[in-house]
Amino acid sequence: MSCMLGVVTVFCAPLPLYAKASKTAATAQPVSDGTSDPAIPYTVILTPTKHPELDAAISASSQLESLQASHAVGAYALAGRIRSDYDRVNIALESQGYYAGSVQISVKVGTRVVGGKDPSLPDILKALKKNQKVAITISSTLGPRFSLGSIALLAPLEKAAAPAQVAGPQTVKAPVLKAPASKTKAPPEAAPSIAVPLTFAQAVAQSQPVTLAPDERKAFDLSSGQPAVAETVLAAQNTLLNQLQEDGYATASVSTPVAYLEPQAQKLDIVFRVQRGPRVVIGPIGMEGLVHTNQSFLRNRLELKEGELYRPSRIEAARQDLVSTGVFASVQVRNAPPIITLPPSRTLMPGILQAMPIEFSFKEAKRRTLSAEVGYSTDLGGRLGASWTHHNLFGNAEQLKLTALVTGLGGSAQQGLGYDVYADFMKPDFLSKGQNLSVRLEGVRQLLYSYHQTAIIARAGLNRHVGKYWNLSGSLMGEQEQIKQFGDTRSYFIVAAPLNATFDNTRLTNPIDPATHGVRASLSITPSESLESGSTFFTLLSAQASTYFDLHHLGISRPGRSVIAVRGIVGSVQGASTYQIPPDQRLYAGGPATVRGFRYQGVGPQYGRTKYAIGGTSMDAGSVEFRQRLPMNLGVAGFVDAGQVGTGSRPGQGTLRVGYGGGVRYFTPIGPIRVDVALPMNRPPQGDKWELYFGLGETF
């Protein structure tokens, strides 16, 4: 006999099931079966099979289990639900290879127990007295687990034979799970109606065998003797189809497998129908849906070339790269048949002239957005502002962002209100792909206890991605500022050339999301020249690294739920002493970026026994933080920070300050909202007794 092999899809983690009753649907909804019968609440007991994956599949397939609280029904509909669960649970057994298993369902009404297929069950349920309990027990007899027998890869049947009557044992019934459609191929045409051969031997005799290349055989990875698990068989179908397409067979097809049951041998013989079709290259590339974006910009950026071998992975990478420009709400790509023939001069694959045209479809996002920014800490006070951004200024994904912030709204490190106003311009693919031009013009005023600063800053530079995780940038910066410190007011004009290298393999699409693995590191070298109030040349060196360890790797938590985060920072000024460089160019510590529990710039040399910080020429700090996710989008964190600032150029000097604390997190779709409280372990004179931090995203 033959059957279409299927699998029960499980949407939750396979956890062991225990023999206990589900919670009674006390808050059951009104009856939903279209009758006037009163709703019947019930409990479900799933008897464990000692196989966690099978238990999870049974739980997911049972309508009695999944609908008991949300879709209450009357007596006759409940009896029908019980009968349908026989087939549903049996499908779950077969999906794990138990083709000789059986399902038992018993219904306990008061002290009476009846079978789920008992013809009198509907009347028994209808005669229930008020508040009388119903308990339903589902159990399974597994029998032997079937294995895979012969596996045949055959060409499709060309002609439909006359439908034949199936004799012998009853045909196994199971749902068909189709492979998800690739984003890079056209929807498949409806297959002609073809009768399935009655036996495995007939199937092999009626069709030509298909021989796989070594890489295709490796991808298929299915062999006789494996447990007959539907998910494994269907996965082999998908991986083989993907490999064929990666080899350039754009119209390849691999049919849903047909299984031939051998009850005596406890095996399943499997037949796959495989059709390669022509091997093709990529043909003409079309683009539709563009309104404000220049097609020439996208074509220059596009990673695909006409004439290269057709590969879905390359097509998908090109699609994602176009999405990363930030100007589209969606980017879709599809095959655009029919297949055409290219001249030999237009193909990049000698001997392959047939080509599949490709069509990109774009839906542009809103070009202008308005956003708000708010933050608070007890040391820097409140921070409030707004930004206006144009995401596609000239049609080439140029971005212009205008921001205005009010700072210093209270705070123990502030002496008055300040502002931060700036304009950012970014042009992607400047001079070459992957290289961005960034320009900023900024006005700043901040009245810190350490110094008062009013400055105008201009900066322009290039940013370039290198490899998968590296990013390099270099810029030129000019700053005209006036600084008042300890009653002395001076003007400075600073020219600098910052050089930066960053590494990030945390693979987060949203930078505000908390990292659960990987490393982030940065290295900065900034040669600078101060041209007013005495000419001084100095170089600022800084390095920072953070890493994240998921305790799931130790087997003590679920993935991403319990994470230890570690951060280290070092900085040094070379070529000048503390008082030879402008106060804002010196190194400070304290606050969420370095040492929590101490106010901003509160770690390091102080002016006498006051709260006025002098700054230094070396700094080092480290943090260890434990982050725990909780139910209901909540989380908690605990941390210890330590750091010091010295007057020499070598880090590791100065008085070490240690802070500790904890906080709560509320996880939103845009990122976690963070509230932390930190205390100093060794508070300096005039230091704050505690600090409160409020913001969006983790501190590192």
# chains A, B, ... in the order shown; residues from 1 in each chain; ligands from 1
call {"tool": "select_by_dssp", "arguments": {"residues": "range 308-405 of chain A", "states": "alpha helix (DSSP H)", "output": "list in words"}}
result
Pro312, Ser313, Arg314, Ile315, Glu316, Ala317, Ala318, Arg319, Gln320, Asp321, Leu322 and Val323 of chain A
call {"tool": "select_by_dssp", "arguments": {"residues": "range 249-384 of chain A", "states": "strand (DSSP E)", "output": "VMD selection string"}}
result
chain A and resid 253 to 254 258 to 262 267 to 275 281 to 288 328 to 335 340 to 341 354 to 364 368 to 377 381 to 384
call {"tool": "residues_around", "arguments": {"residues": "range 548-556 of chain A", "least_positions_apart": "3", "cutoff": "8 Å", "atoms": "only C-alpha atoms", "output": "list of chain:residue names"}}
result
A:Ala515, A:Thr516, A:His517, A:Gly518, A:Val519, A:Pro559, A:Gly560, A:Arg561, A:Ser562, A:Val563, A:Ile564, A:Ala565, A:Val566
call {"tool": "residues_around", "arguments": {"residues": "Tyr693 in chain A", "least_positions_apart": "4", "cutoff": "8 Å", "atoms": "only C-alpha atoms", "output": "PyMOL selection string"}}
result
chain A and resi 376-378+592+674-677
call {"tool": "closest_atom_pairs", "arguments": {"of": "range 566-617 of chain A", "to": "range 650-662 of chain A", "cutoff": "8 Å", "atoms": "only C-alpha atoms", "output": "Markdown table"}}
result
| residue | atom | partner | partner_atom | distance |
| --- | --- | --- | --- | --- |
| A:Val570 | CA | A:Pro651 | CA | 6.7 |
| A:Gly571 | CA | A:Pro651 | CA | 6.9 |
| A:Ser572 | CA | A:Arg650 | CA | 6.6 |
| A:Val595 | CA | A:Gly659 | CA | 6.5 |
| A:Arg596 | CA | A:Gly659 | CA | 5.7 |
| A:Gly597 | CA | A:Gly659 | CA | 4.9 |
| A:Phe598 | CA | A:Gly659 | CA | 7.1 |
| A:Val603 | CA | A:Arg657 | CA | 6.9 |
| A:Gly604 | CA | A:Gly654 | CA | 6.9 |
| A:Pro605 | CA | A:Gly654 | CA | 7.8 |
call {"tool": "residues_around", "arguments": {"residues": "Leu353 in chain A", "least_positions_apart": "3", "cutoff": "8 Å", "atoms": "only C-alpha atoms", "output": "PyMOL selection string"}}
result
chain A and resi 280-281+341-344+347+349-350
call {"tool": "closest_atom_pairs", "arguments": {"of": "range 74-141 of chain A", "to": "range 248-270 of chain A", "cutoff": "10 Å", "atoms": "only C-alpha atoms", "output": "Markdown table"}}
result
| residue | atom | partner | partner_atom | distance |
| --- | --- | --- | --- | --- |
| A:Gly97 | CA | A:Leu268 | CA | 9.1 |
| A:Tyr98 | CA | A:Gln266 | CA | 9.4 |
| A:Tyr99 | CA | A:Pro263 | CA | 8.3 |
| A:Ala100 | CA | A:Pro263 | CA | 7.8 |
